[in-house]
>>> print(open('final.txt').read())   # compact mmCIF, C-alpha atoms
# COMPACT_ATOMS: atom_id res chain seq x y z
CA MET A 1006 58.16 -75.13 1.46
CA TRP A 1007 56.28 -72.14 0.09
CA TYR A 1008 52.94 -73.97 0.12
CA ALA A 1009 52.97 -74.36 3.89
CA LEU A 1010 54.11 -70.80 4.40
CA HIS A 1011 51.39 -69.40 2.16
CA GLY A 1012 48.73 -71.37 4.03
CA GLU A 1013 50.05 -70.12 7.33
CA LEU A 1014 50.18 -66.48 6.32
CA ALA A 1015 47.18 -66.24 4.01
CA GLY A 1016 45.09 -64.69 6.74
CA GLN A 1017 47.54 -61.81 7.01
CA ARG A 1018 46.83 -60.40 3.54
CA PHE A 1019 49.93 -62.12 2.27
CA THR A 1020 50.36 -64.11 -0.87
CA CYS A 1021 53.18 -66.09 -2.35
CA ILE A 1022 53.54 -65.90 -6.14
CA ALA A 1023 55.94 -68.47 -7.57
CA ILE A 1024 57.49 -67.63 -10.94
CA ALA A 1025 59.27 -70.32 -12.93
CA LEU A 1026 62.02 -68.77 -15.03
CA ASP A 1027 61.73 -71.68 -17.37
CA SER A 1028 61.78 -71.83 -21.14
CA GLY A 1029 60.66 -75.43 -20.80
CA GLY A 1030 57.20 -74.05 -20.08
CA PRO A 1031 54.38 -76.23 -18.73
CA ALA A 1032 56.09 -79.41 -19.98
CA LYS A 1033 59.08 -78.93 -17.68
CA THR A 1034 57.38 -77.24 -14.75
CA GLU A 1035 54.15 -79.22 -14.48
CA GLN A 1036 55.44 -82.07 -12.32
CA TRP A 1037 56.90 -79.65 -9.75
CA ILE A 1038 53.85 -77.41 -9.65
CA ARG A 1039 51.44 -80.32 -9.28
CA ALA A 1040 53.61 -81.88 -6.57
CA ALA A 1041 53.47 -78.64 -4.61
CA LYS A 1042 49.63 -78.61 -4.78
CA PRO A 1043 49.79 -74.85 -4.45
CA THR A 1044 46.99 -72.61 -3.29
CA TYR A 1045 48.89 -69.60 -4.61
CA PRO A 1046 49.62 -68.61 -8.19
CA CYS A 1047 52.42 -70.55 -9.88
CA LEU A 1048 53.31 -68.64 -13.02
CA ILE A 1049 55.52 -69.61 -15.94
CA ASP A 1050 57.95 -67.10 -17.47
CA GLU A 1051 59.43 -68.81 -20.53
CA ARG A 1052 61.10 -65.66 -21.80
CA HIS A 1053 62.63 -64.67 -18.43
CA LEU A 1054 60.83 -61.31 -18.65
CA THR A 1055 60.50 -60.96 -14.89
CA ALA A 1056 64.18 -61.80 -14.39
CA GLU A 1057 64.99 -58.72 -16.45
CA LEU A 1058 62.37 -56.60 -14.64
CA TYR A 1059 63.53 -57.57 -11.13
CA GLY A 1060 67.24 -58.22 -11.68
CA VAL A 1061 66.96 -61.92 -10.87
CA VAL A 1062 70.13 -63.81 -11.79
CA ASN A 1063 69.66 -67.21 -10.15
CA VAL A 1064 67.08 -69.43 -8.46
CA PRO A 1065 65.81 -69.45 -5.82
CA MET A 1066 65.58 -65.71 -5.32
CA GLY A 1067 62.84 -63.69 -3.62
CA VAL A 1068 61.38 -60.19 -3.85
CA TRP A 1069 59.13 -58.71 -1.19
CA ILE A 1070 56.43 -56.23 -2.25
CA ASP A 1071 54.13 -54.40 0.15
CA GLU A 1072 50.41 -53.66 -0.17
CA THR A 1073 51.05 -50.41 -2.03
CA GLY A 1074 53.18 -52.16 -4.64
CA ARG A 1075 56.47 -50.89 -3.20
CA ILE A 1076 59.50 -53.21 -3.19
CA VAL A 1077 60.57 -53.67 0.44
CA ARG A 1078 63.28 -56.24 -0.32
CA PRO A 1079 64.76 -56.30 -3.84
CA ALA A 1080 65.83 -59.57 -5.45
CA GLU A 1081 68.09 -61.65 -3.20
CA THR A 1082 68.90 -65.30 -2.48
CA ALA A 1083 65.84 -66.92 -0.90
CA ALA A 1084 66.37 -69.46 1.87
CA THR A 1085 69.42 -71.19 0.46
CA SER A 1086 73.21 -70.94 0.61
CA ASP A 1087 76.52 -72.07 -0.84
CA ALA A 1088 76.56 -75.08 1.52
CA PHE A 1089 76.21 -77.30 -1.53
CA ARG A 1090 79.64 -76.19 -2.77
CA ARG A 1091 81.41 -77.54 0.29
CA HIS A 1092 79.13 -80.28 1.53
CA LEU A 1093 77.51 -81.95 -1.47
CA ASP A 1094 79.01 -85.16 -2.82
CA ARG A 1095 78.84 -84.60 -6.56
CA THR A 1096 78.63 -88.30 -7.34
CA THR A 1097 76.10 -89.49 -4.78
CA LYS A 1098 74.29 -86.11 -4.65
CA GLN A 1099 74.18 -86.51 -0.88
CA MET A 1100 74.72 -83.58 1.44
CA SER A 1101 76.83 -84.06 4.56
CA ALA A 1102 75.25 -83.62 7.99
CA GLU A 1103 77.10 -80.34 8.41
CA GLY A 1104 75.78 -79.14 5.07
CA LEU A 1105 72.23 -80.13 5.94
CA ALA A 1106 72.48 -78.27 9.22
CA GLU A 1107 73.77 -75.12 7.54
CA ARG A 1108 71.08 -75.33 4.89
CA GLU A 1109 68.39 -75.69 7.53
CA ARG A 1110 69.75 -72.75 9.51
CA VAL A 1111 69.71 -70.45 6.47
CA ARG A 1112 66.25 -71.60 5.48
CA ALA A 1113 64.83 -71.09 8.97
CA ALA A 1114 66.31 -67.59 9.20
CA TYR A 1115 64.78 -66.52 5.89
CA LEU A 1116 61.35 -68.00 6.66
CA SER A 1117 61.41 -66.41 10.09
CA ALA A 1118 62.10 -63.01 8.54
CA LEU A 1119 59.30 -63.51 6.02
CA ARG A 1120 56.84 -64.46 8.78
CA ASP A 1121 57.89 -61.42 10.79
CA TRP A 1122 57.20 -59.09 7.89
CA ALA A 1123 53.89 -60.79 7.09
CA ALA A 1124 52.80 -60.20 10.68
CA ARG A 1125 54.26 -56.73 11.32
CA GLY A 1126 54.59 -55.07 7.92
CA PRO A 1127 56.68 -51.88 8.02
CA ALA A 1128 57.36 -52.41 11.76
CA SER A 1129 59.40 -55.48 10.86
CA PRO A 1130 63.17 -54.89 10.86
CA TYR A 1131 63.30 -57.02 7.71
CA ALA A 1132 61.21 -54.57 5.71
CA LEU A 1133 63.86 -52.28 4.28
CA SER A 1134 63.41 -48.51 4.31
CA GLU A 1135 63.08 -46.82 0.93
CA GLU A 1136 66.70 -45.71 1.10
CA GLN A 1137 67.98 -49.15 2.02
CA ALA A 1138 65.83 -50.83 -0.62
CA ARG A 1139 67.02 -48.37 -3.26
CA GLN A 1140 70.65 -49.14 -2.41
CA ARG A 1141 70.01 -52.83 -2.98
CA LEU A 1142 68.12 -52.48 -6.27
CA PRO A 1143 69.96 -54.42 -8.98
CA VAL A 1144 71.71 -52.09 -11.41
CA SER A 1145 70.99 -52.64 -15.09
CA SER A 1146 73.41 -51.83 -17.90
CA GLU A 1147 73.34 -51.60 -21.68
CA ALA A 1148 75.06 -54.96 -21.82
CA HIS A 1149 72.36 -56.49 -19.62
CA ALA A 1150 69.63 -54.92 -21.75
CA ARG A 1151 71.22 -56.36 -24.88
CA ALA A 1152 71.63 -59.74 -23.16
CA ALA A 1153 67.88 -59.86 -22.52
CA ALA A 1154 67.00 -59.03 -26.13
CA SER A 1155 69.49 -61.64 -27.30
CA PHE A 1156 68.16 -64.25 -24.90
CA ARG A 1157 64.60 -63.71 -26.11
CA LEU A 1158 65.67 -64.04 -29.73
CA GLY A 1159 67.56 -67.25 -28.99
CA GLN A 1160 64.73 -68.64 -26.88
CA TYR A 1161 62.21 -67.92 -29.66
CA LEU A 1162 64.33 -69.59 -32.33
CA SER A 1163 64.94 -72.54 -30.02
CA SER A 1164 61.22 -72.90 -29.34
CA ARG A 1165 60.67 -73.10 -33.10
CA GLY A 1166 63.20 -75.95 -33.44
CA HIS A 1167 65.97 -73.75 -34.90
CA GLY A 1168 68.63 -74.75 -32.38
CA GLN A 1169 71.61 -73.95 -34.57
CA ALA A 1170 70.28 -70.50 -35.42
CA ALA A 1171 69.53 -69.91 -31.73
CA ALA A 1172 73.01 -70.86 -30.49
CA PRO A 1173 74.90 -67.59 -31.07
CA PHE A 1174 72.14 -65.50 -29.47
CA LEU A 1175 71.97 -67.75 -26.42
CA ALA A 1176 75.78 -67.55 -26.16
CA ASP A 1177 75.60 -63.75 -26.42
CA ALA A 1178 73.17 -63.63 -23.50
CA ARG A 1179 75.74 -65.45 -21.36
CA ARG A 1180 78.57 -63.26 -22.62
CA LEU A 1181 76.74 -59.94 -22.09
CA HIS A 1182 75.39 -60.84 -18.64
CA PRO A 1183 78.00 -63.16 -17.16
CA GLU A 1184 76.67 -62.76 -13.61
CA SER A 1185 73.35 -64.28 -14.64
CA TRP A 1186 73.29 -67.94 -13.68
CA SER A 1187 69.71 -68.10 -14.88
CA TYR A 1188 70.78 -67.17 -18.43
CA ARG A 1189 73.78 -69.49 -18.21
CA ARG A 1190 71.90 -72.55 -16.99
CA GLN A 1191 68.74 -71.92 -19.05
CA THR A 1192 70.67 -71.43 -22.29
CA TRP A 1193 72.75 -74.52 -21.57
CA GLU A 1194 69.57 -76.49 -20.96
CA LEU A 1195 68.12 -75.25 -24.26
CA GLU A 1196 71.30 -76.25 -26.08
CA GLU A 1197 71.56 -79.66 -24.49
CA PRO A 1198 69.09 -81.10 -21.94
CA GLY A 1199 70.98 -81.93 -18.76
CA LYS A 1200 73.81 -79.52 -19.44
CA ALA A 1201 72.65 -77.15 -16.70
CA GLY A 1202 73.82 -79.70 -14.11
CA SER A 1203 76.83 -81.03 -15.98
CA ALA A 1204 80.57 -81.06 -15.30
CA GLU A 1205 80.73 -77.76 -17.14
CA PHE A 1206 78.33 -76.29 -14.57
CA TRP A 1207 80.50 -77.50 -11.68
CA ALA A 1208 83.60 -76.12 -13.36
CA ALA A 1209 81.90 -72.74 -13.65
CA VAL A 1210 80.90 -72.86 -9.97
CA ASP A 1211 84.42 -73.83 -8.92
CA ALA A 1212 85.80 -70.98 -11.04
CA LEU A 1213 84.01 -68.56 -8.70
CA GLY A 1214 86.67 -69.28 -6.09
CA ASP A 1215 85.82 -67.16 -3.06
CA ARG A 1216 82.98 -65.36 -4.79
CA PRO A 1217 79.51 -66.62 -3.85
CA TYR A 1218 77.19 -68.57 -6.12
CA TYR A 1219 74.35 -67.59 -3.80
CA PRO A 1220 75.21 -64.23 -2.19
CA PRO A 1221 73.62 -64.48 1.25
CA ALA A 1222 70.50 -62.42 1.93
CA ARG A 1223 71.58 -59.71 4.36
CA LEU A 1224 68.86 -60.12 6.96
CA SER A 1225 70.36 -58.27 9.91
CA ARG A 1226 69.64 -54.58 9.86
CA MET B 674 59.49 -63.36 -46.36
CA SER B 675 57.40 -62.66 -43.32
CA VAL B 676 59.25 -61.05 -40.43
CA THR B 677 58.60 -62.02 -36.81
CA ILE B 678 58.76 -59.13 -34.37
CA LEU B 679 59.57 -59.81 -30.71
CA TYR B 680 58.88 -56.42 -29.13
CA GLN B 681 59.81 -56.36 -25.44
CA ALA B 682 57.08 -58.19 -23.49
CA HIS B 683 54.69 -58.39 -26.45
CA PRO B 684 53.98 -61.85 -27.88
CA PRO B 685 55.71 -62.74 -31.18
CA HIS B 686 54.06 -60.86 -34.05
CA PRO B 687 54.16 -62.12 -37.65
CA SER B 688 54.63 -59.00 -39.72
CA ALA B 689 54.56 -57.73 -43.30
CA ALA B 690 57.48 -55.48 -42.36
CA VAL B 691 60.25 -54.83 -44.86
CA THR B 692 63.87 -55.10 -43.73
CA GLU B 693 66.74 -52.96 -45.04
CA GLY B 694 69.98 -53.62 -43.20
CA GLU B 695 69.45 -52.26 -39.68
CA ASP B 696 66.07 -50.75 -40.52
CA LEU B 697 62.69 -52.39 -40.06
CA TRP B 698 59.84 -50.76 -41.95
CA VAL B 699 56.61 -51.85 -40.26
CA PRO B 700 53.21 -51.08 -41.80
CA THR B 701 51.83 -48.33 -39.54
CA SER B 702 48.56 -50.27 -39.20
CA GLU B 703 50.50 -53.09 -37.51
CA LEU B 704 52.40 -50.91 -35.06
CA PRO B 705 49.99 -50.99 -32.11
CA VAL B 706 49.56 -54.77 -32.13
CA ALA B 707 53.25 -55.45 -32.70
CA SER B 708 54.67 -52.94 -30.24
CA GLY B 709 52.05 -50.87 -28.46
CA TRP B 710 53.24 -47.74 -30.32
CA GLU B 711 50.92 -45.70 -32.50
CA LEU B 712 51.48 -42.65 -34.67
CA ARG B 713 49.74 -39.41 -33.73
CA PRO B 714 50.38 -35.79 -34.70
CA GLU B 715 52.61 -35.49 -31.61
CA GLY B 716 54.82 -38.31 -32.82
CA ALA B 717 55.13 -41.95 -31.80
CA CYS B 718 53.00 -42.53 -28.70
CA ARG B 719 52.62 -45.35 -26.22
CA GLY B 720 50.17 -44.86 -23.37
CA ASP B 721 50.65 -41.25 -22.30
CA VAL B 722 54.25 -41.00 -23.53
CA CYS B 723 54.89 -39.41 -26.92
CA VAL B 724 58.21 -39.25 -28.72
CA PRO B 725 58.41 -36.48 -31.33
CA ILE B 726 59.87 -37.55 -34.65
CA PRO B 727 62.96 -35.36 -35.27
CA ARG B 728 61.73 -32.92 -37.93
CA ASP B 729 64.88 -32.96 -40.06
CA ARG B 730 65.03 -36.75 -39.96
CA ARG B 731 61.47 -37.69 -40.84
CA GLY B 732 62.66 -39.74 -43.81
CA GLU B 733 64.52 -42.04 -41.42
CA PHE B 734 61.28 -42.86 -39.62
CA LEU B 735 58.35 -42.51 -42.02
CA ARG B 736 57.47 -43.66 -45.50
CA GLU B 737 54.32 -43.43 -47.59
CA GLY B 738 52.75 -45.64 -50.25
CA PRO B 739 52.04 -47.82 -48.24
CA ALA B 740 52.54 -46.09 -44.89
CA ARG B 741 55.43 -47.60 -42.95
CA PHE B 742 57.31 -46.72 -39.77
CA ASN B 743 60.92 -47.62 -39.00
CA LEU B 744 60.57 -49.29 -35.60
CA ALA B 745 64.33 -49.94 -35.42
CA ALA B 746 65.08 -46.23 -35.83
CA LEU B 747 62.74 -45.44 -32.93
CA ALA B 748 64.43 -48.06 -30.77
CA ARG B 749 67.86 -46.57 -31.51
CA LEU B 750 66.54 -43.10 -30.72
CA LEU B 751 65.38 -44.39 -27.33
CA GLY B 752 68.61 -46.29 -26.63
CA GLU B 753 66.85 -49.65 -26.85
CA PRO B 754 68.74 -52.69 -28.17
CA VAL B 755 67.66 -54.20 -31.51
CA ILE B 756 68.92 -57.62 -32.54
CA HIS B 757 67.92 -59.49 -35.69
CA GLU B 758 68.47 -62.89 -37.24
CA ASP B 759 68.15 -62.81 -40.99
CA VAL B 760 67.77 -66.46 -42.03
CA HIS B 761 64.45 -66.81 -40.21
CA GLY B 762 63.64 -63.10 -40.22
CA VAL B 763 63.27 -62.50 -36.47
CA TRP B 764 63.74 -59.07 -34.86
CA SER B 765 64.08 -58.74 -31.09
CA PHE B 766 63.56 -55.34 -29.42
CA GLY B 767 64.71 -54.88 -25.82
CA GLU B 768 64.10 -52.42 -23.01
CA SER B 769 66.49 -49.55 -22.47
CA ALA B 770 68.81 -49.84 -19.46
CA ALA B 771 68.92 -46.04 -19.22
CA ALA B 772 65.23 -45.85 -18.38
CA ARG B 773 65.94 -47.71 -15.20
CA ARG B 774 69.14 -45.94 -14.28
CA SER B 775 67.94 -42.33 -14.41
CA GLY B 776 67.77 -40.14 -11.29
CA THR B 777 66.09 -41.80 -8.35
CA PRO B 778 65.24 -45.35 -9.37
CA SER B 779 61.66 -46.29 -8.70
CA LEU B 780 60.81 -48.78 -5.95
CA GLN B 781 57.43 -49.50 -7.51
CA ALA B 782 57.35 -53.18 -8.39
CA PRO B 783 57.05 -53.41 -12.18
CA ASP B 784 53.85 -55.02 -13.38
CA PHE B 785 53.87 -58.22 -15.38
CA ALA B 786 51.37 -60.64 -16.94
CA LEU B 787 52.20 -64.35 -16.92
CA PRO B 788 50.20 -67.55 -17.36
CA ASP B 789 49.73 -70.34 -14.84
CA LEU B 790 49.68 -74.03 -15.77
CA ALA B 791 46.09 -73.74 -16.98
CA GLY B 792 47.04 -70.82 -19.20
CA HIS B 793 45.16 -68.31 -17.08
CA VAL B 794 47.05 -65.00 -17.09
CA HIS B 795 47.82 -63.27 -13.79
CA ARG B 796 49.05 -59.68 -13.40
CA LEU B 797 50.95 -58.44 -10.34
CA ALA B 798 48.56 -55.47 -10.26
CA GLU B 799 45.72 -57.85 -9.28
CA TYR B 800 47.47 -58.43 -5.95
CA ARG B 801 47.69 -54.79 -4.88
CA GLY B 802 46.43 -54.56 -1.30
CA ARG B 803 48.25 -57.73 -0.18
CA LYS B 804 51.84 -58.33 0.72
CA VAL B 805 53.42 -60.27 -2.11
CA PHE B 806 56.37 -62.63 -1.82
CA LEU B 807 57.67 -63.32 -5.34
CA VAL B 808 59.76 -66.47 -5.37
CA PHE B 809 61.70 -67.41 -8.49
CA TRP B 810 62.52 -71.03 -9.27
CA ALA B 811 63.20 -73.29 -12.27
CA SER B 812 63.30 -76.93 -13.40
CA TRP B 813 66.92 -76.52 -14.45
>>> encode(input="final.txt", output="structure tokens")
Amino acid sequence: MWYALHGELAGQRFTCIAIALDSGGPAKTEQWIRAAKPTYPCLIDERHLTAELYGVVNVPMGVWIDETGRIVRPAETAATSDAFRRHLDRTTKQMSAEGLAERERVRAAYLSALRDWAARGPASPYALSEEQARQRLPVSSEAHARAAASFRLGQYLSSRGHGQAAAPFLADARRLHPESWSYRRQTWELEEPGKAGSAEFWAAVDALGDRPYYPPARLSR
Amino acid sequence: MSVTILYQAHPPHPSAAVTEGEDLWVPTSELPVASGWELRPEGACRGDVCVPIPRDRRGEFLREGPARFNLAALARLLGEPVIHEDVHGVWSFGESAAARRSGTPSLQAPDFALPDLAGHVHRLAEYRGRKVFLVFWASW
């Protein structure tokens, strides 16, 4: 998806930068990156440093930054929705026709907004004003800051093969930043490969009730 | 036992630091590589920011013979989280939340340096002058 977009918009002084929030590093991300055959940078963030910097709590999320380095759209859900919660068969992994249609609609709307900004810059209604952007900046807290330090400690120990020692620090990251699905799923994956998509994951999603897994990007002005 | 210091975005640093409970006494010669901090007459400095060492509490921060600096005490002074694991001797230092909550939060996109598949490091700053769409994804 992003490969085609980048090619299309490259002439407009626009670049995609894909960041994998992935402690699995090159081993886990290589097949996806190579399949994409990207002409834009695909970077690997094993320690989730940029998640902390930009307030990213799930994937996929997007951040728009203008030519001066100013954030024009802070971190938000990028081109996807909660359609999977209602329309995905958890056994067959097939999405219903209604779900596919909703997913396509959300995707098209986001890409359309991105194209509009790439072409028109600040004249685009999708480029937020400084005041609007500031209102949407993710708010950090001491608990979140501690979660990040704990995650990094757990991730380091895990990378060194000390899974048992890592466990309490990975659990603390989840506890201190419960809204972060990226910490939740990444730490689960470090503890037990496959756990990020397990029954426990679905139970956690269902426990959201009416709250969104993917809060929709608010594209209308 | 050698201590491993994980200081914010810095790579893991094997250190000859000495641990005492919640204190981490780092040889002052190691400070810049481990954390980016260095000691100057003005205090502990990083880039163009200097933090004066509280005069009546110098003993909490500085030791001689050999010269050591209590990096954990500095972190606490700055409201930065410090977490340590004592079996493997790993100390993790985080960023302060307060720094990002003060007054009018900045809209300047924070810089970062990350490798691609080939190991080549890219910084966001290299892309100044273009519109950048950062998209976050994962294999999980």
>>> interface_residues(input="final.txt", of="chain A", to="chain B", cutoff="6 Å", atoms="all atoms listed in the file", output="PyMOL selection string")
chain A and resi 1018-1027+1031+1047-1049+1064-1072+1074-1076+1145-1147+1150-1151+1154+1158
>>> atom_distance(input="final.txt", atom1="atom CA of B:Asn743", atom2="atom CA of B:Pro687")
16.1 Å
>>> atom_distance(input="final.txt", atom1="atom CA of B:Val724", atom2="atom CA of B:Trp710")
10.0 Å
>>> closest_residue(input="final.txt", among="A:Arg1112, A:Phe1174, A:Asp1087, A:Ala1152", to="A:Met1100", atoms="only C-alpha atoms")
A:Asp1087
>>> atom_distance(input="final.txt", atom1="atom CA of A:Leu1213", atom2="atom CA of A:Ala1084")
20.6 Å
>>> closest_residue(input="final.txt", among="A:Pro1143, A:Pro1130, A:Pro1046, A:Gly1104", to="A:Val1061", atoms="all atoms listed in the file")
A:Pro1143
>>> axis_aligned_box(input="final.txt", around="stretch 1182-1198 of chain A", padding_each_side="8 Å", output="AutoDock Vina command-line options")
--center_x 73.1 --center_y -71.0 --center_z -19.8 --size_x 25.9 --size_y 36.3 --size_z 28.5
>>> residues_around(input="final.txt", residues="A:Arg1157", least_positions_apart="4", cutoff="7 Å", atoms="all atoms listed in the file", output="VMD selection string")
chain A and resid 1052 1153 1161
>>> write_last_selection(input="final.txt", atoms="C-alpha atoms", output="CSV table (one decimal), in the frame of the given file")
chain,number,residue,atom,x,y,z
A,1052,ARG,CA,61.1,-65.7,-21.8
A,1153,ALA,CA,67.9,-59.9,-22.5
A,1161,TYR,CA,62.2,-67.9,-29.7
>>> closest_residue(input="final.txt", among="A:Pro1173, A:Pro1183, A:Gly1012, A:Gly1029", to="A:Thr1044", atoms="all atoms listed in the file")
A:Gly1012
>>> residues_around(input="final.txt", residues="B:Arg713", least_positions_apart="6", cutoff="12 Å", atoms="only C-alpha atoms", output="list in words")
Thr701, Leu704, Pro705, Arg719, Gly720, Asp721, Val722, Cys723, Val724, Pro725 and Ile726 of chain B
>>> write_last_selection(input="final.txt", atoms="C-alpha atoms", output="CSV table (one decimal), in the frame of the given file")
chain,number,residue,atom,x,y,z
B,701,THR,CA,51.8,-48.3,-39.5
B,704,LEU,CA,52.4,-50.9,-35.1
B,705,PRO,CA,50.0,-51.0,-32.1
B,719,ARG,CA,52.6,-45.4,-26.2
B,720,GLY,CA,50.2,-44.9,-23.4
B,721,ASP,CA,50.6,-41.2,-22.3
B,722,VAL,CA,54.2,-41.0,-23.5
B,723,CYS,CA,54.9,-39.4,-26.9
B,724,VAL,CA,58.2,-39.2,-28.7
B,725,PRO,CA,58.4,-36.5,-31.3
B,726,ILE,CA,59.9,-37.6,-34.6
